[in-house]
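Novice: Got a structure for you, upload.cif, holding mmCIF, C-alpha atoms.
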data_start
loop_
_atom_site.label_atom_id
_atom_site.label_comp_id
_atom_site.auth_asym_id
_atom_site.auth_seq_id
_atom_site.Cartn_x
_atom_site.Cartn_y
_atom_site.Cartn_z
CA MET A 12 -180.10 -73.80 10.28
CA LYS A 13 -176.55 -73.07 9.20
CA LYS A 14 -174.24 -75.91 8.27
CA TRP A 15 -171.81 -75.12 11.15
CA LEU A 16 -174.45 -75.76 13.83
CA LEU A 17 -176.10 -78.78 12.24
CA THR A 18 -172.70 -80.43 11.74
CA ALA A 19 -171.86 -79.94 15.41
CA VAL A 20 -175.26 -81.41 16.34
CA ALA A 21 -174.58 -84.37 14.06
CA ALA A 22 -171.18 -84.94 15.65
CA ALA A 23 -172.75 -85.01 19.09
CA GLY A 24 -175.57 -87.29 17.99
CA LEU A 25 -173.22 -89.72 16.25
CA GLY A 26 -170.87 -89.89 19.20
CA MET A 27 -168.04 -88.44 17.09
CA MET A 28 -167.00 -85.51 19.20
CA SER A 29 -163.78 -83.63 18.83
CA SER A 30 -160.31 -85.07 18.59
CA ALA A 31 -157.36 -82.78 19.10
CA TYR A 32 -155.35 -84.47 16.39
CA ALA A 33 -158.10 -84.86 13.76
CA ALA A 34 -157.00 -83.46 10.38
CA ASN A 35 -159.22 -80.82 8.78
CA PRO A 36 -159.48 -81.06 4.95
CA PHE A 37 -161.37 -77.80 4.36
CA SER A 38 -159.56 -74.59 3.45
CA ASP A 39 -162.26 -72.29 4.87
CA VAL A 40 -162.34 -73.86 8.36
CA PRO A 41 -159.46 -72.32 10.37
CA ALA A 42 -157.96 -74.20 13.29
CA GLY A 43 -159.41 -71.74 15.79
CA HIS A 44 -163.03 -72.10 14.62
CA TRP A 45 -165.48 -73.36 17.27
CA ALA A 46 -166.70 -76.17 15.01
CA TYR A 47 -163.22 -77.20 13.78
CA ASP A 48 -162.90 -80.45 15.77
CA SER A 49 -166.40 -81.73 15.00
CA ILE A 50 -166.02 -81.01 11.28
CA ALA A 51 -162.57 -82.62 11.15
CA LYS A 52 -163.80 -85.74 12.93
CA LEU A 53 -166.84 -86.19 10.68
CA ALA A 54 -164.74 -85.60 7.55
CA ALA A 55 -162.16 -88.15 8.71
CA ALA A 56 -164.97 -90.68 9.21
CA GLY A 57 -166.29 -90.00 5.70
CA VAL A 58 -169.64 -88.75 6.99
CA ILE A 59 -169.41 -85.25 5.48
CA ASP A 60 -167.95 -83.97 2.23
CA GLY A 61 -166.90 -80.53 1.10
CA TYR A 62 -167.06 -79.02 -2.34
CA GLY A 63 -164.74 -79.53 -5.31
CA ASP A 64 -162.70 -76.42 -4.37
CA THR A 65 -161.86 -77.86 -0.88
CA THR A 66 -164.30 -75.54 0.93
CA PHE A 67 -166.95 -76.46 3.53
CA LYS A 68 -169.20 -73.36 3.22
CA GLY A 69 -170.40 -73.49 6.82
CA ASP A 70 -172.45 -70.29 6.55
CA ARG A 71 -174.77 -71.87 3.98
CA LEU A 72 -178.22 -72.94 5.16
CA MET A 73 -178.56 -76.71 5.33
CA THR A 74 -181.75 -78.55 4.34
CA ARG A 75 -183.31 -81.49 6.19
CA TYR A 76 -182.59 -83.64 3.15
CA GLU A 77 -178.86 -82.84 3.34
CA MET A 78 -178.85 -83.61 7.06
CA ALA A 79 -180.60 -86.90 6.32
CA GLN A 80 -177.81 -87.80 3.91
CA ILE A 81 -175.28 -87.33 6.72
CA VAL A 82 -177.33 -89.61 8.96
CA ALA A 83 -177.62 -92.18 6.15
CA LYS A 84 -173.84 -92.23 5.73
CA ALA A 85 -173.37 -92.69 9.46
CA MET A 86 -175.87 -95.57 9.46
CA ALA A 87 -174.00 -97.21 6.59
CA LYS A 88 -170.86 -97.11 8.73
CA GLY A 89 -172.61 -98.80 11.65
CA ALA A 90 -173.06 -95.77 13.89
CA ASN A 91 -175.82 -95.87 16.54
CA VAL A 92 -178.05 -93.01 15.38
CA ASP A 93 -181.51 -94.13 16.51
CA LYS A 94 -182.61 -90.68 17.72
CA LEU A 95 -181.42 -88.90 14.58
CA ALA A 96 -182.92 -91.63 12.40
CA ALA A 97 -186.28 -91.10 14.07
CA GLU A 98 -186.09 -87.33 13.57
CA PHE A 99 -185.32 -87.69 9.84
CA ALA A 100 -187.44 -90.80 9.22
CA ASP A 101 -189.37 -89.31 6.27
CA GLU A 102 -186.24 -88.07 4.51
CA LEU A 103 -184.40 -91.35 5.10
CA ASP A 104 -187.37 -93.25 3.73
CA ALA A 105 -187.18 -91.10 0.59
CA LEU A 106 -183.46 -91.84 0.30
CA GLY A 107 -184.04 -95.56 0.86
CA VAL A 108 -181.68 -98.31 1.88
CA ARG A 109 -180.12 -98.12 -1.59
CA VAL A 110 -178.32 -94.89 -0.73
CA ALA A 111 -176.73 -96.33 2.39
CA ALA A 112 -175.56 -99.35 0.44
CA LEU A 113 -174.11 -97.27 -2.36
CA GLU A 114 -172.29 -94.95 0.03
CA LYS A 115 -170.26 -97.89 1.34
CA LYS A 116 -169.07 -98.68 -2.18
CA ALA A 117 -168.61 -95.09 -3.38
CA ASP A 118 -166.69 -93.65 -0.46
CA ASN A 119 -163.28 -94.02 -2.07
CA VAL A 120 -163.92 -92.97 -5.70
CA LYS A 121 -166.34 -90.35 -7.01
CA ILE A 122 -167.16 -89.80 -10.67
CA VAL A 123 -168.66 -86.69 -12.27
CA GLY A 124 -168.88 -85.61 -15.88
CA GLN A 125 -169.60 -82.86 -18.40
CA ILE A 126 -170.97 -82.89 -21.94
CA ARG A 127 -170.74 -79.67 -23.96
CA TYR A 128 -171.88 -78.80 -27.45
CA SER A 129 -170.40 -75.53 -28.74
CA TYR A 130 -170.54 -73.45 -31.90
CA LYS A 131 -168.05 -70.67 -32.64
CA GLN A 132 -167.84 -68.07 -35.42
CA ASN A 133 -164.70 -65.96 -35.96
CA LYS A 134 -164.11 -62.94 -38.16
CA ARG A 135 -160.59 -61.53 -38.58
CA GLU A 136 -160.06 -58.14 -40.20
CA ALA A 137 -156.73 -56.73 -41.36
CA PRO A 138 -155.72 -53.67 -43.48
CA ASN A 139 -155.32 -54.35 -47.20
CA LYS A 140 -156.43 -57.96 -46.72
CA LYS A 141 -159.67 -59.80 -47.31
CA ASP A 142 -161.59 -60.52 -44.13
CA VAL A 143 -161.23 -64.11 -42.93
CA LYS A 144 -164.27 -65.90 -41.56
CA ASP A 145 -164.42 -69.37 -40.08
CA SER A 146 -166.65 -71.45 -37.84
CA GLU A 147 -166.39 -74.54 -35.69
CA ALA A 148 -168.81 -76.88 -33.95
CA ALA A 149 -167.62 -79.40 -31.40
CA LEU A 150 -168.81 -81.89 -28.82
CA ARG A 151 -166.61 -82.14 -25.74
CA THR A 152 -166.94 -84.89 -23.13
CA ARG A 153 -165.14 -84.88 -19.79
CA ILE A 154 -165.11 -87.51 -17.03
CA LEU A 155 -163.58 -86.58 -13.66
CA PHE A 156 -162.47 -89.24 -11.14
CA THR A 157 -161.63 -88.31 -7.55
CA GLY A 158 -159.96 -91.05 -5.52
CA LYS A 159 -159.28 -90.68 -1.79
CA VAL A 160 -155.68 -91.50 -0.87
CA ASN A 161 -156.19 -90.76 2.82
CA ASN A 162 -157.98 -88.22 4.99
CA ASN A 163 -155.77 -85.36 3.76
CA TRP A 164 -155.08 -86.21 0.11
CA ASP A 165 -157.09 -86.98 -3.03
CA TYR A 166 -155.91 -87.97 -6.50
CA ILE A 167 -157.89 -86.40 -9.34
CA VAL A 168 -157.93 -87.54 -12.97
CA ARG A 169 -159.83 -85.96 -15.87
CA LEU A 170 -160.34 -87.67 -19.22
CA GLN A 171 -161.40 -85.58 -22.23
CA ASN A 172 -162.58 -86.30 -25.76
CA ILE A 173 -163.41 -83.63 -28.36
CA GLN A 174 -165.44 -84.52 -31.45
CA LEU A 175 -165.00 -81.83 -34.11
CA LEU A 176 -168.33 -81.78 -35.94
CA HIS A 177 -167.69 -78.84 -38.27
CA GLY A 178 -164.28 -77.34 -39.05
CA ASN A 179 -162.79 -74.08 -40.27
CA ASP A 180 -162.82 -75.11 -43.92
CA GLY A 181 -166.53 -75.89 -43.82
CA ALA A 182 -166.04 -79.66 -43.94
CA ASP A 183 -167.83 -82.06 -41.63
CA TYR A 184 -165.80 -84.40 -39.45
CA VAL A 185 -166.60 -87.62 -37.65
CA GLY A 186 -164.25 -86.52 -34.87
CA GLU A 187 -161.38 -88.21 -33.06
CA ASP A 188 -161.55 -91.37 -30.99
CA ASP A 189 -158.61 -90.31 -28.81
CA VAL A 190 -159.27 -89.75 -25.14
CA LYS A 191 -156.72 -87.49 -23.46
CA LEU A 192 -155.66 -87.44 -19.84
CA ASN A 193 -155.59 -83.66 -19.43
CA ARG A 194 -155.71 -83.52 -15.62
CA ALA A 195 -153.92 -85.81 -13.17
CA TYR A 196 -152.87 -84.38 -9.83
CA LEU A 197 -152.69 -84.81 -6.09
CA LEU A 198 -154.80 -82.42 -4.05
CA GLY A 199 -154.51 -82.00 -0.31
CA ARG A 200 -153.07 -80.10 2.60
CA LEU A 201 -149.47 -79.92 3.71
CA GLY A 202 -149.30 -78.31 7.11
CA GLY A 203 -151.67 -75.38 6.76
CA ALA A 204 -151.25 -75.01 2.99
CA HIS A 205 -153.52 -76.22 0.21
CA VAL A 206 -151.35 -78.03 -2.38
CA GLU A 207 -151.89 -79.37 -5.91
CA ALA A 208 -149.14 -81.31 -7.69
CA GLY A 209 -149.17 -82.88 -11.16
CA ARG A 210 -151.11 -81.72 -14.23
CA THR A 211 -153.54 -79.33 -12.63
CA ASN A 212 -155.34 -76.10 -13.58
CA LEU A 213 -153.72 -72.66 -13.30
CA PHE A 214 -155.85 -69.51 -13.10
CA LEU A 215 -153.95 -66.20 -13.37
CA ALA A 216 -155.29 -62.64 -13.01
CA ASN A 217 -158.92 -63.71 -12.78
CA GLY A 218 -158.41 -65.80 -15.92
CA LYS A 219 -157.44 -62.81 -18.07
CA MET A 220 -153.82 -63.99 -18.31
CA TYR A 221 -154.11 -67.78 -18.22
CA ASP A 222 -156.74 -70.43 -17.57
CA ASP A 223 -155.50 -73.89 -18.52
CA SER A 224 -153.19 -76.69 -17.45
CA LEU A 225 -149.95 -76.50 -15.46
CA ASP A 226 -147.47 -79.37 -15.19
CA GLY A 227 -146.02 -78.58 -11.81
CA VAL A 228 -147.09 -77.58 -8.32
CA LEU A 229 -149.22 -74.79 -6.89
CA PHE A 230 -150.12 -73.91 -3.34
CA SER A 231 -152.13 -71.41 -1.31
CA TYR A 232 -152.12 -70.55 2.36
CA GLY A 233 -154.51 -68.59 4.51
CA ASP A 234 -158.18 -67.71 4.58
CA LYS A 235 -158.86 -64.02 5.10
CA TYR A 236 -155.39 -63.22 3.76
CA LYS A 237 -154.58 -65.83 1.14
CA PHE A 238 -151.11 -66.13 -0.38
CA GLY A 239 -150.24 -68.49 -3.22
CA GLY A 240 -147.63 -69.50 -5.73
CA TYR A 241 -146.85 -71.97 -8.51
CA TYR A 242 -143.97 -73.43 -10.52
CA GLY A 243 -144.04 -75.56 -13.68
CA LYS A 244 -144.76 -75.60 -17.40
CA LEU A 245 -147.80 -73.73 -18.72
CA THR A 246 -148.68 -76.43 -21.24
CA GLU A 247 -151.21 -74.42 -23.29
CA SER A 248 -149.65 -70.95 -23.37
CA TYR A 249 -149.71 -69.24 -26.78
CA ILE A 250 -146.60 -67.36 -27.81
CA ASN A 251 -146.50 -65.98 -31.35
CA ASN A 252 -149.64 -68.03 -32.19
CA GLU A 253 -148.02 -71.37 -31.30
CA ALA A 254 -149.28 -73.50 -28.43
CA SER A 255 -146.63 -74.66 -25.95
CA THR A 256 -143.72 -74.68 -28.39
CA ASP A 257 -142.18 -71.33 -27.48
CA SER A 258 -142.74 -71.34 -23.73
CA ASP A 259 -140.88 -73.21 -21.04
CA LYS A 260 -141.16 -72.95 -17.27
CA GLY A 261 -143.26 -70.42 -15.45
CA TRP A 262 -143.55 -69.34 -11.85
CA GLY A 263 -145.44 -66.75 -9.90
CA ALA A 264 -146.85 -65.52 -6.61
CA ASN A 265 -150.24 -64.03 -5.82
CA VAL A 266 -152.33 -62.58 -3.01
CA ASP A 267 -156.06 -62.32 -2.27
CA ALA A 268 -156.63 -60.33 0.92
CA THR A 269 -160.05 -59.57 2.40
CA LEU A 270 -159.89 -55.91 3.43
CA CYS A 271 -163.51 -55.83 4.58
CA ARG A 272 -166.69 -57.76 3.93
CA ASN A 273 -167.15 -56.53 0.36
CA VAL A 274 -163.62 -55.58 -0.71
CA ASN A 275 -160.68 -57.84 -1.62
CA LEU A 276 -157.18 -56.76 -2.64
CA ILE A 277 -155.80 -59.01 -5.40
CA GLY A 278 -152.53 -59.07 -7.29
CA GLY A 279 -149.46 -61.04 -8.26
CA TYR A 280 -146.24 -61.38 -10.19
CA ASP A 281 -145.76 -63.94 -12.99
CA HIS A 282 -142.70 -64.99 -14.98
CA LEU A 283 -142.70 -67.06 -18.18
CA SER A 284 -139.46 -68.26 -19.78
CA LEU A 285 -139.33 -68.40 -23.59
CA THR A 286 -137.32 -70.86 -25.65
CA ASP A 287 -136.66 -68.19 -28.33
CA ASP A 288 -135.81 -64.50 -28.17
CA TYR A 289 -138.46 -61.97 -29.15
CA PRO A 290 -137.63 -58.33 -29.98
CA ALA A 291 -140.02 -56.88 -27.41
CA PHE A 292 -139.24 -59.29 -24.54
CA GLY A 293 -135.98 -61.15 -25.07
CA ASP A 294 -136.27 -64.66 -23.65
CA LYS A 295 -138.75 -63.98 -20.85
CA VAL A 296 -142.06 -62.30 -20.06
CA ASN A 297 -142.68 -60.73 -16.67
CA VAL A 298 -146.13 -59.51 -15.62
CA GLY A 299 -147.11 -57.60 -12.49
CA HIS A 300 -150.75 -56.95 -11.68
CA ALA A 301 -152.78 -55.51 -8.80
CA GLY A 302 -156.40 -54.52 -8.25
CA LEU A 303 -159.63 -54.96 -6.32
CA LYS A 304 -162.70 -57.16 -6.12
CA LEU A 305 -165.79 -55.21 -5.07
CA ARG A 306 -169.06 -56.92 -4.10
CA PHE A 307 -172.37 -55.06 -4.17
CA GLY A 308 -174.79 -57.29 -2.33
CA LYS A 309 -174.71 -60.99 -3.21
CA ASP A 310 -175.48 -60.60 -6.92
CA VAL A 311 -172.95 -58.08 -8.24
CA LEU A 312 -169.16 -58.47 -8.47
CA LEU A 313 -166.78 -55.95 -10.03
CA THR A 314 -163.14 -56.99 -10.57
CA SER A 315 -160.36 -54.83 -12.01
CA GLU A 316 -156.56 -54.98 -12.17
CA TRP A 317 -153.79 -52.77 -13.49
CA MET A 318 -151.11 -54.74 -15.37
CA HIS A 319 -147.50 -54.12 -16.36
CA THR A 320 -145.16 -56.25 -18.50
CA ASN A 321 -141.49 -56.03 -19.46
CA ALA A 322 -142.32 -55.22 -23.11
CA ASP A 323 -140.37 -52.43 -24.79
CA ASP A 324 -143.64 -50.67 -25.67
CA ASN A 325 -147.33 -50.97 -24.76
CA GLU A 326 -146.25 -52.37 -21.40
CA ASN A 327 -149.09 -50.95 -19.27
CA GLY A 328 -152.76 -51.91 -19.32
CA ALA A 329 -155.76 -53.07 -17.34
CA TYR A 330 -158.99 -55.02 -17.42
CA ALA A 331 -162.35 -54.71 -15.67
CA SER A 332 -165.06 -57.36 -15.39
CA LEU A 333 -168.65 -57.18 -14.13
CA ASP A 334 -170.66 -60.25 -13.08
CA LEU A 335 -174.40 -59.98 -12.38
CA TYR A 336 -176.45 -62.63 -10.60
CA GLY A 337 -175.00 -65.92 -11.81
CA ALA A 338 -176.61 -69.00 -13.32
CA SER A 339 -176.31 -72.15 -11.19
CA TYR A 340 -176.48 -75.71 -12.50
CA LYS A 341 -178.41 -76.63 -9.35
CA LYS A 342 -181.11 -73.97 -9.83
CA PRO A 343 -183.35 -74.23 -12.93
CA GLY A 344 -184.47 -70.79 -14.07
CA SER A 345 -181.37 -69.03 -12.70
CA PHE A 346 -179.47 -66.70 -15.03
CA GLY A 347 -176.39 -64.52 -15.13
CA PHE A 348 -174.77 -61.78 -17.18
CA GLY A 349 -171.14 -60.77 -17.60
CA ALA A 350 -169.13 -58.03 -19.26
CA VAL A 351 -165.37 -57.51 -19.61
CA TYR A 352 -163.37 -54.52 -20.82
CA TYR A 353 -159.86 -55.39 -22.06
CA ASP A 354 -156.88 -53.11 -22.48
CA LEU A 355 -154.18 -55.73 -21.95
CA PRO A 356 -150.51 -54.85 -22.37
CA ALA A 357 -148.18 -56.65 -24.78
CA GLY A 358 -147.31 -60.15 -23.60
CA ALA A 359 -149.88 -60.38 -20.81
CA ALA A 360 -152.29 -62.91 -22.35
CA PHE A 361 -150.64 -66.35 -22.10
CA LYS A 362 -154.01 -68.03 -22.68
CA PRO A 363 -157.04 -66.22 -21.23
CA SER A 364 -160.33 -67.84 -20.24
CA LYS A 365 -163.03 -68.56 -22.77
CA THR A 366 -162.69 -68.82 -26.51
CA ALA A 367 -162.09 -65.47 -28.25
CA ASP A 368 -159.56 -65.58 -31.09
CA TRP A 369 -157.30 -63.20 -29.16
CA LYS A 370 -154.10 -64.90 -30.36
CA GLY A 371 -154.66 -64.10 -34.06
CA GLN A 372 -152.84 -61.32 -35.91
CA GLY A 373 -150.14 -60.81 -33.30
CA LEU A 374 -152.39 -59.65 -30.50
CA TRP A 375 -150.19 -61.42 -27.94
CA LYS A 376 -147.13 -59.35 -28.78
CA ASP A 377 -149.10 -56.14 -29.54
CA GLY A 378 -151.46 -56.23 -26.61
CA PHE A 379 -155.16 -55.83 -27.32
CA LYS A 380 -158.25 -53.91 -26.30
CA GLY A 381 -161.95 -54.48 -26.68
CA TYR A 382 -164.86 -56.03 -24.83
CA ASN A 383 -166.83 -59.19 -24.13
CA VAL A 384 -170.48 -59.65 -23.13
CA SER A 385 -172.12 -62.92 -22.11
CA ALA A 386 -175.36 -64.39 -20.77
CA SER A 387 -176.13 -67.79 -19.21
CA TYR A 388 -179.43 -69.51 -18.36
CA THR A 389 -180.12 -72.78 -16.54
CA PHE A 390 -183.10 -74.29 -18.39
CA ALA A 391 -183.15 -77.53 -16.33
CA LYS A 392 -181.20 -78.95 -13.42
CA ASN A 393 -177.59 -79.56 -14.50
CA MET A 394 -178.26 -78.06 -17.95
CA MET A 395 -177.05 -74.56 -18.89
CA ALA A 396 -176.90 -72.51 -22.10
CA THR A 397 -174.38 -69.68 -22.63
CA VAL A 398 -173.85 -67.08 -25.37
CA SER A 399 -170.76 -64.82 -25.53
CA TYR A 400 -169.45 -62.19 -27.94
CA TRP A 401 -165.92 -60.69 -28.16
CA ASP A 402 -164.74 -57.66 -30.16
CA LEU A 403 -160.96 -57.23 -29.87
CA GLU A 404 -158.32 -55.22 -31.73
CA SER A 405 -154.56 -54.73 -31.67
CA ARG A 406 -153.21 -51.86 -29.54
CA VAL A 407 -150.55 -51.23 -32.22
CA ASN A 408 -152.83 -51.19 -35.28
CA SER A 409 -156.56 -50.74 -34.67
CA SER A 410 -157.27 -52.03 -38.20
CA ARG A 411 -156.36 -55.54 -37.04
CA LYS A 412 -159.50 -56.88 -35.39
CA ASN A 413 -160.93 -60.18 -34.22
CA LYS A 414 -164.61 -60.80 -33.53
CA THR A 415 -165.91 -64.02 -32.02
CA MET A 416 -169.41 -65.30 -31.32
CA TRP A 417 -169.57 -68.34 -29.02
CA SER A 418 -172.58 -70.39 -27.93
CA GLU A 419 -172.77 -73.58 -25.93
CA VAL A 420 -175.07 -75.98 -24.11
CA GLN A 421 -173.47 -77.87 -21.25
CA LEU A 422 -174.79 -80.84 -19.26
CA ARG A 423 -173.28 -82.02 -15.98
CA PHE A 424 -173.80 -85.28 -14.15
#
Do you think you could lay out the structure here as structure tokens?
Specialist:
Amino acid sequence: MKKWLLTAVAAAGLGMMSSAYAANPFSDVPAGHWAYDSIAKLAAAGVIDGYGDTTFKGDRLMTRYEMAQIVAKAMAKGANVDKLAAEFADELDALGVRVAALEKKADNVKIVGQIRYSYKQNKREAPNKKDVKDSEAALRTRILFTGKVNNNWDYIVRLQNIQLLHGNDGADYVGEDDVKLNRAYLLGRLGGAHVEAGRTNLFLANGKMYDDSLDGVLFSYGDKYKFGGYYGKLTESYINNEASTDSDKGWGANVDATLCRNVNLIGGYDHLSLTDDYPAFGDKVNVGHAGLKLRFGKDVLLTSEWMHTNADDNENGAYASLDLYGASYKKPGSFGFGAVYYDLPAGAAFKPSKTADWKGQGLWKDGFKGYNVSASYTFAKNMMATVSYWDLESRVNSSRKNKTMWSEVQLRF
């Protein structure tokens, strides 16, 4: 049965029926939904949780084991659930008393983590110059803490350590002992808006413009028609090959509107202030972009946007990405493929997703074109391997090229 219905049944069975003033923490459960009050009440009591992106995903089929976990949480809180306990006796027995005891202690703080080993090879080509090749192997560890402030707000902290095992000059390294606090932000709802404030993650133009940290605030409002915005410092933007030093504050607005079941209109406007003047831009970069997301069944997604910047030349461009299937950490044997075509205008790539050496040889100020292909496979639960390849070149001088091969194995817990 779908999660909507089973949650409503659970609310009735636990004696936690609707409350007109109960706060709803999930972005995909509108106030007018028939299950709104039951979901809000159970969330406020700590009996149900959403996902890391603040969604509830009520249309997803729910297993008996998942329902048993809800009953176990309710039992740990002292609820009278004799009838539900009898119905899910086998599943509760499998969970054991240990789960109920742990839930009492773990309600307020949750901890998850990632371990990733990666190996990257770059090749940079330029006219009248010897090709430059380098490689890098690294082990990255991340620990994410989510602490509940109240029913509407969480505080999220991410610690990160990167051990460089093999560097560009071919030398081996023992790595760094430093652990960096690279995410620390409040996440919650203010009125009907989803809000993040602090050092959070910013994702612009499907990650083709920027996918890294923002020191500031971002918000989004709506479900079928979602509007958003942000203001702050893009801490990892690359301007003229330098991270963070030449960029100051940024702001922007975006939209993601569901036109029909399989078509979304996407777009936005982004502004980045520069601390120095550049011939093509002056002291600011402005980027406008608009496009579509097209779904073909549940396994195929095509995304494309036209882009325009305020550069003196090479100011128009576009990208198109294709995602097939999709590997899931929860499903061993699942796999996915991706492909991206780039023809980005000058100044558009603040710091795109993934790890291609796009910033080399002036590709930020020239704009660049090329492609990326990737494949992922989940070989065991919470263990995934990925291989990606980029071939990019300057839009001003096609003899300036960057090629990157990236492979990784990532574990999550």
Novice: If the PyMOL selection byres ((chain A and resi 226) around 7) is run on the structure shown, which residues does it catch, given as a ChimeraX atom specification?
Specialist: /A:209-211,224-225,227,243-246
Novice: If the PyMOL selection byres ((chain A and resi 307) around 12) were run on this exact file, what residues would it hold? Put them as a PyMOL selection string.
Specialist: chain A and resi 272-274+304-306+308-314+333-336
Novice: Hey, can you check how far atom CA of Ser418 of chain A sits from atom CA of Lys141 of chain A?
Specialist: 25.6 Å
Novice: I'd like the interatomic distance between atom CA of Tyr128 of chain A and atom CA of Glu419 of chain A, to a tenth of an Å.
Specialist: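 Distance between the two atoms: 5.5 Å.
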Novice: Evaluate the PyMOL selection byres ((chain A and resi 229-241) around 6) and record the selected residues as a PDB file with C-alpha atoms, in the coordinates of the input, following the chain and residue labels used in the document.
Specialist:
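Listed below is the output, expr07.pdb:
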ATOM      1  CA  ALA A 204    -151.250 -75.010   2.990  1.00  0.00           C
ATOM      2  CA  HIS A 205    -153.520 -76.220   0.210  1.00  0.00           C
ATOM      3  CA  VAL A 206    -151.350 -78.030  -2.380  1.00  0.00           C
ATOM      4  CA  GLU A 207    -151.890 -79.370  -5.910  1.00  0.00           C
ATOM      5  CA  VAL A 228    -147.090 -77.580  -8.320  1.00  0.00           C
ATOM      6  CA  TYR A 242    -143.970 -73.430 -10.520  1.00  0.00           C
ATOM      7  CA  TRP A 262    -143.550 -69.340 -11.850  1.00  0.00           C
ATOM      8  CA  GLY A 263    -145.440 -66.750  -9.900  1.00  0.00           C
ATOM      9  CA  ALA A 264    -146.850 -65.520  -6.610  1.00  0.00           C
ATOM     10  CA  ASN A 265    -150.240 -64.030  -5.820  1.00  0.00           C
ATOM     11  CA  VAL A 266    -152.330 -62.580  -3.010  1.00  0.00           C
ATOM     12  CA  ASP A 267    -156.060 -62.320  -2.270  1.00  0.00           C
ATOM     13  CA  ALA A 268    -156.630 -60.330   0.920  1.00  0.00           C
ATOM     14  CA  THR A 269    -160.050 -59.570   2.400  1.00  0.00           C
TER      15      THR A 269
END
Novice: Here is a test: counting all atoms listed in the file, which residue of A:Tyr280, A:Phe379, A:Tyr221, A:Trp317 is nearest to Ser410 of chain A?
Specialist: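 Using all atoms listed in the file, the shortest distance to Ser410 of chain A belongs to A:Phe379.
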Novice: Looking at A:Gln132, A:Thr65, A:Asn119, A:Ser38, which one is nearest to His177 of chain A, with distances taken over only C-alpha atoms?
Specialist: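 Counting only C-alpha atoms, the residue closest to His177 of chain A is A:Gln132.
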Novice: I'd like to know which of A:Ser248, A:Asn393, A:Ser284, A:Asn325 is closest to Ser364 of chain A, using only C-alpha atoms.
Specialist: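 Ranking A:Ser248, A:Asn393, A:Ser284, A:Asn325 by distance to Ser364 of chain A, first place goes to A:Ser248.
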Novice: Can you pull out the residues contacting segment 358-363 of chain A? Cut-off 8 Å, using all atoms listed in the file, and skip same-chain residues under 2 positions away; I want them as a list in words.
Specialist: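 These residues fall inside the cut-off: Gly218, Lys219, Met220, Tyr221, Asp222, Asp223, Glu247, Ser248, Tyr249, Ile250, Val296, Val298, Met318, Thr320, Ala322, Leu355, Pro356, Lys365, Trp375, Lys376, Asp377 and Gly378 of chain A.
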Novice: May I ask which of the residues A:Ala396, A:Leu53, A:Val407, A:Ala350 is the closest one to Ala85 of chain A, counting all atoms listed in the file?
Specialist: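 Of the candidates, the smallest distance to Ala85 of chain A is held by A:Leu53.
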Novice: Take atom CA of Leu197 of chain A and atom CA of Asn162 of chain A and report the distance between them in Å, one decimal.
Specialist: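 Computed distance, atom CA of Leu197 of chain A to atom CA of Asn162 of chain A, equals 12.7 Å.
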Novice: Neighbouring residues of Arg151 of chain A were defined as those with any atom within 8 Å, considering all atoms listed in the file; residues of the same chain fewer than 3 positions away were excluded. Please report them as an mmCIF file with C-alpha atoms, in the coordinates of the input.
Specialist:
data_model
loop_
_atom_site.group_PDB
_atom_site.id
_atom_site.type_symbol
_atom_site.label_atom_id
_atom_site.label_comp_id
_atom_site.auth_asym_id
_atom_site.auth_seq_id
_atom_site.Cartn_x
_atom_site.Cartn_y
_atom_site.Cartn_z
ATOM 1 C CA GLN A 125 -169.600 -82.860 -18.400
ATOM 2 C CA ILE A 126 -170.970 -82.890 -21.940
ATOM 3 C CA ARG A 127 -170.740 -79.670 -23.960
ATOM 4 C CA TYR A 128 -171.880 -78.800 -27.450
ATOM 5 C CA GLN A 171 -161.400 -85.580 -22.230
ATOM 6 C CA ASN A 172 -162.580 -86.300 -25.760
ATOM 7 C CA ILE A 173 -163.410 -83.630 -28.360
ATOM 8 C CA GLN A 174 -165.440 -84.520 -31.450
#
Novice: Given the point (-140.4, -51.4, -24.8) in the file's coordinates, find the residues that have an atom at most 10 Å from it, counting only C-alpha atoms, and give them as JSON, numbers by chain.
Specialist: {"A": [290, 291, 292, 320, 321, 322, 323, 324, 325, 326, 357]}
Novice: Any idea what's packed within 7 Å of Val123 of chain A, counting only C-alpha atoms, ignoring anything in its chain fewer than 6 positions away? Could you give it as a list in words?
Specialist: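 That gives Ile154, Leu155, Phe156 and Phe424 of chain A.
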Novice: Go ahead and fit an axis-aligned box to every listed atom of segment 120-124 of chain A plus 8 Å each side, and pass me the centre and edge lengths in Å, one decimal, as AutoDock Vina command-line options.
Specialist:
--center_x -166.4 --center_y -89.3 --center_z -10.8 --size_x 21.0 --size_y 23.4 --size_z 26.2
Novice: So that I can check the surroundings of Arg411 of chain A, please list as a PDB file with C-alpha atoms, in the frame of the given file every protein, DNA and RNA residue that reaches within 6 Å of it, counting only C-alpha atoms and ignoring chain neighbours fewer than 4 positions away.
Specialist:
ATOM      1  CA  GLU A 136    -160.060 -58.140 -40.200  1.00  0.00           C
ATOM      2  CA  ALA A 137    -156.730 -56.730 -41.360  1.00  0.00           C
ATOM      3  CA  GLU A 404    -158.320 -55.220 -31.730  1.00  0.00           C
ATOM      4  CA  SER A 405    -154.560 -54.730 -31.670  1.00  0.00           C
TER       5      SER A 405
END
Novice: Between A:Asn408, A:Lys52, A:Phe214, A:Tyr400, which residue has the minimum interatomic distance to Tyr130 of chain A, considering all atoms listed in the file?
Specialist: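 Answer, going by the shortest atom-to-atom distance: A:Tyr400.
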